[in-house]
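For reference, the structure is listed below as structure tokens.
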Amino acid sequence: MARPRITDEERKLFRDAAEGVRPLKPGSRSLDAEPTRKRPKPIPKQSRADERAVLAELADAIPDGEVEMGDELSWRVPGLQDSVLRKLRRGQYRVDRALDLHGHTAASAKLEVAGFLQRAAADGIGCVRIVHGKGRGSKEGRPILKQLVGGWLRNHKGVLAYVSARQVDGGTGAVVVLLRKK
């Protein structure tokens, strides 16, 4: 299709209409243009949904019986071989990440553990360490976080087993956790 020709009369009309108009400098805005709004930061809806799902998996209940400062923690999913738990206890699995919960309240520790496990699972990590402490600094004089961490891990679908760490890795103040790989 041929382009329509602009007549001399149309050119004169345009010049008359645009008389006194100056071009804008690059990067400037006209005064009567609507101000541009900053785009809101994206909301990570899926990440937040994943975090809520992990938190739902973690129970708030303290496991049956009180755990004392020197008590060792140990648990595995039904059907997991004894040899796997033995290797975990001996430190034969490489710990790829660690989380230290010292100074956390129960509520903040729960969020930290949930996020930590979620990130580890997303990254395909098989073994992690969680340092919960021995409870010497707690007001109750007993290891509250130690009990809670044990309960949270037992109720998390991604956890296959956990044991108290070897003495060189934190002893009864930490757990080594074997995770289910995706």
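Going through the structure tokens in order, the chains are called A, B, and so on, while each chain numbers its residues from 1 and the ligands are numbered from 1 in the order shown.
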Could you please write out, as an NGL selection string, every residue of chain A that DSSP assigns to alpha helix (DSSP H)?
:A and (8-17 or 45-57 or 82-90 or 106-122 or 144-154)
Spatial neighbours of Tyr162 of chain A, 6 Å, only C-alpha atoms, chain gap at least 3 places, as a ChimeraX atom specification:
/A:74-75,176-177
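If you measure from each of A:Arg129, A:Arg76, A:His102, A:Arg136 to Val175 of chain A using only C-alpha atoms, the closest one turns out to be A:Arg129.
Among the residues of segment 65-153 of chain A, backbone DSSP assigns strand (DSSP E or B) to Ser74, Trp75, Arg76, Arg97, Ala98, Leu99, Asp100, Cys127, Val128, Arg129, Ile130 and Val131 of chain A.
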Restricting it to N, CA and C atoms, dump the selection as a tab-separated table (two decimals), in the first residue's frame.
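That gives us result16.tsv:
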chain	number	residue	atom	x	y	z
A	74	SER	N	18.26	-39.03	68.90
A	74	SER	CA	18.40	-39.97	67.81
A	74	SER	C	17.01	-40.36	67.34
A	75	TRP	N	16.83	-40.35	66.00
A	75	TRP	CA	15.52	-40.72	65.43
A	75	TRP	C	15.73	-41.06	63.97
A	76	ARG	N	14.88	-41.93	63.45
A	76	ARG	CA	14.89	-42.26	62.03
A	76	ARG	C	13.49	-42.66	61.60
A	97	ARG	N	25.74	-28.00	55.09
A	97	ARG	CA	25.32	-26.70	55.62
A	97	ARG	C	25.07	-26.83	57.12
A	98	ALA	N	25.17	-25.69	57.79
A	98	ALA	CA	24.92	-25.68	59.24
A	98	ALA	C	24.09	-24.46	59.60
A	99	LEU	N	23.29	-24.62	60.63
A	99	LEU	CA	22.46	-23.54	61.16
A	99	LEU	C	22.71	-23.45	62.65
A	100	ASP	N	22.99	-22.24	63.13
A	100	ASP	CA	23.22	-22.03	64.56
A	100	ASP	C	22.04	-21.26	65.15
A	127	CYS	N	22.76	-33.67	53.80
A	127	CYS	CA	23.08	-33.74	55.23
A	127	CYS	C	23.39	-32.35	55.76
A	128	VAL	N	22.78	-31.99	56.88
A	128	VAL	CA	22.98	-30.67	57.49
A	128	VAL	C	23.18	-30.83	59.00
A	129	ARG	N	23.69	-29.78	59.62
A	129	ARG	CA	23.83	-29.76	61.08
A	129	ARG	C	23.05	-28.57	61.61
A	130	ILE	N	22.32	-28.80	62.69
A	130	ILE	CA	21.59	-27.73	63.37
A	130	ILE	C	22.11	-27.65	64.80
A	131	VAL	N	22.68	-26.50	65.13
A	131	VAL	CA	23.20	-26.28	66.49
A	131	VAL	C	22.09	-25.63	67.30
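Here atom CA of Leu73 of chain A is placed at a distance of 11.0 Å from atom CA of Leu153 of chain A.
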Spatial neighbours of segment 168-172 of chain A, max dist 7 Å, only C-alpha atoms, sep filter under 3 positions, as a compact mmCIF listing (two decimals) with C-alpha atoms, in the first residue's frame:
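Wrote it out as around-v4.txt, contents follow:
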# COMPACT_ATOMS: atom_id res chain seq x y z
CA GLY A 70 23.51 -34.26 78.24
CA ASP A 71 20.90 -36.46 76.56
CA GLU A 72 21.62 -37.61 73.04
CA LYS A 134 22.75 -27.34 75.39
CA SER A 164 23.28 -35.82 68.19
CA ALA A 165 26.51 -34.59 66.62
Within 8 Å of Leu85 of chain A, counting only C-alpha atoms, which residues show up once you throw out same-chain ones fewer than 2 positions away? Write them as a list of chain:residue names, please.
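Close residues of Leu85 of chain A: A:Arg76, A:Leu80, A:Gln81, A:Asp82, A:Ser83, A:Lys87, A:Leu88, A:Arg89, A:Ala161, A:Tyr162, A:Val163.
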Write out, as CSV, each residue of segment 111-149 of chain A that has an atom at most 12 Å from segment 156-159 of chain A, together with the closest pair of atoms and their distance in Å to one decimal, counting only C-alpha atoms, rows going by chain and rising number.
residue,atom,partner,partner_atom,distance
A:Val113,CA,A:His156,CA,10.5
A:Ala114,CA,A:His156,CA,9.1
A:Phe116,CA,A:Gly158,CA,11.8
A:Leu117,CA,A:Gly158,CA,8.0
A:Gln118,CA,A:Gly158,CA,8.8
A:Arg119,CA,A:Gly158,CA,11.5
A:Ala120,CA,A:Gly158,CA,9.9
A:Ala121,CA,A:Gly158,CA,7.5
A:Ala122,CA,A:Gly158,CA,10.9
A:Gly124,CA,A:Gly158,CA,11.1
A:Ile125,CA,A:Gly158,CA,10.9
A:Gly126,CA,A:Val159,CA,9.5
A:Cys127,CA,A:Val159,CA,9.6
A:Val128,CA,A:Val159,CA,10.3
A:Val149,CA,A:His156,CA,10.5
Put those residues in a file: N, CA, C and O atoms, as a tab-separated table (two decimals), in the first residue's frame.
chain	number	residue	atom	x	y	z
A	113	VAL	N	14.58	-22.77	61.26
A	113	VAL	CA	14.69	-24.19	60.89
A	113	VAL	C	13.86	-24.48	59.64
A	113	VAL	O	14.32	-25.15	58.72
A	114	ALA	N	12.65	-23.94	59.59
A	114	ALA	CA	11.79	-24.18	58.43
A	114	ALA	C	12.43	-23.65	57.15
A	114	ALA	O	12.49	-24.36	56.14
A	116	PHE	N	15.62	-22.98	56.64
A	116	PHE	CA	16.86	-23.70	56.43
A	116	PHE	C	16.61	-25.03	55.74
A	116	PHE	O	17.28	-25.38	54.75
A	117	LEU	N	15.64	-25.79	56.23
A	117	LEU	CA	15.33	-27.08	55.63
A	117	LEU	C	14.78	-26.92	54.22
A	117	LEU	O	15.09	-27.72	53.32
A	118	GLN	N	13.99	-25.90	54.01
A	118	GLN	CA	13.42	-25.64	52.68
A	118	GLN	C	14.54	-25.32	51.68
A	118	GLN	O	14.57	-25.85	50.57
A	119	ARG	N	15.46	-24.45	52.07
A	119	ARG	CA	16.56	-24.09	51.17
A	119	ARG	C	17.47	-25.28	50.90
A	119	ARG	O	17.92	-25.50	49.77
A	120	ALA	N	17.74	-26.07	51.93
A	120	ALA	CA	18.60	-27.25	51.76
A	120	ALA	C	17.95	-28.24	50.79
A	120	ALA	O	18.62	-28.78	49.91
A	121	ALA	N	16.65	-28.46	50.94
A	121	ALA	CA	15.95	-29.37	50.04
A	121	ALA	C	15.96	-28.84	48.61
A	121	ALA	O	16.20	-29.59	47.66
A	122	ALA	N	15.74	-27.55	48.46
A	122	ALA	CA	15.73	-26.95	47.12
A	122	ALA	C	17.10	-27.06	46.45
A	122	ALA	O	17.18	-27.18	45.23
A	124	GLY	N	19.18	-29.51	46.95
A	124	GLY	CA	19.56	-30.92	46.83
A	124	GLY	C	20.59	-31.38	47.84
A	124	GLY	O	21.35	-32.31	47.58
A	125	ILE	N	20.61	-30.75	49.00
A	125	ILE	CA	21.59	-31.09	50.04
A	125	ILE	C	21.08	-32.29	50.83
A	125	ILE	O	19.90	-32.38	51.17
A	126	GLY	N	22.00	-33.22	51.14
A	126	GLY	CA	21.61	-34.46	51.79
A	126	GLY	C	21.84	-34.49	53.29
A	126	GLY	O	21.20	-35.27	53.99
A	127	CYS	N	22.76	-33.67	53.80
A	127	CYS	CA	23.08	-33.74	55.23
A	127	CYS	C	23.39	-32.35	55.76
A	127	CYS	O	24.19	-31.61	55.16
A	128	VAL	N	22.78	-31.99	56.88
A	128	VAL	CA	22.98	-30.67	57.49
A	128	VAL	C	23.18	-30.83	59.00
A	128	VAL	O	22.88	-31.88	59.56
A	149	VAL	N	13.51	-28.70	68.51
A	149	VAL	CA	14.14	-29.07	67.24
A	149	VAL	C	13.91	-30.56	66.96
A	149	VAL	O	13.56	-30.95	65.85
Using only C-alpha atoms, can you tell me which of A:Arg15, A:Leu160, A:Ser108, A:Leu178 comes closest to Val95 of chain A?
A:Leu178
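From atom CA of Leu111 of chain A back to atom CA of Gly173 of chain A, the distance works out to 19.1 Å.
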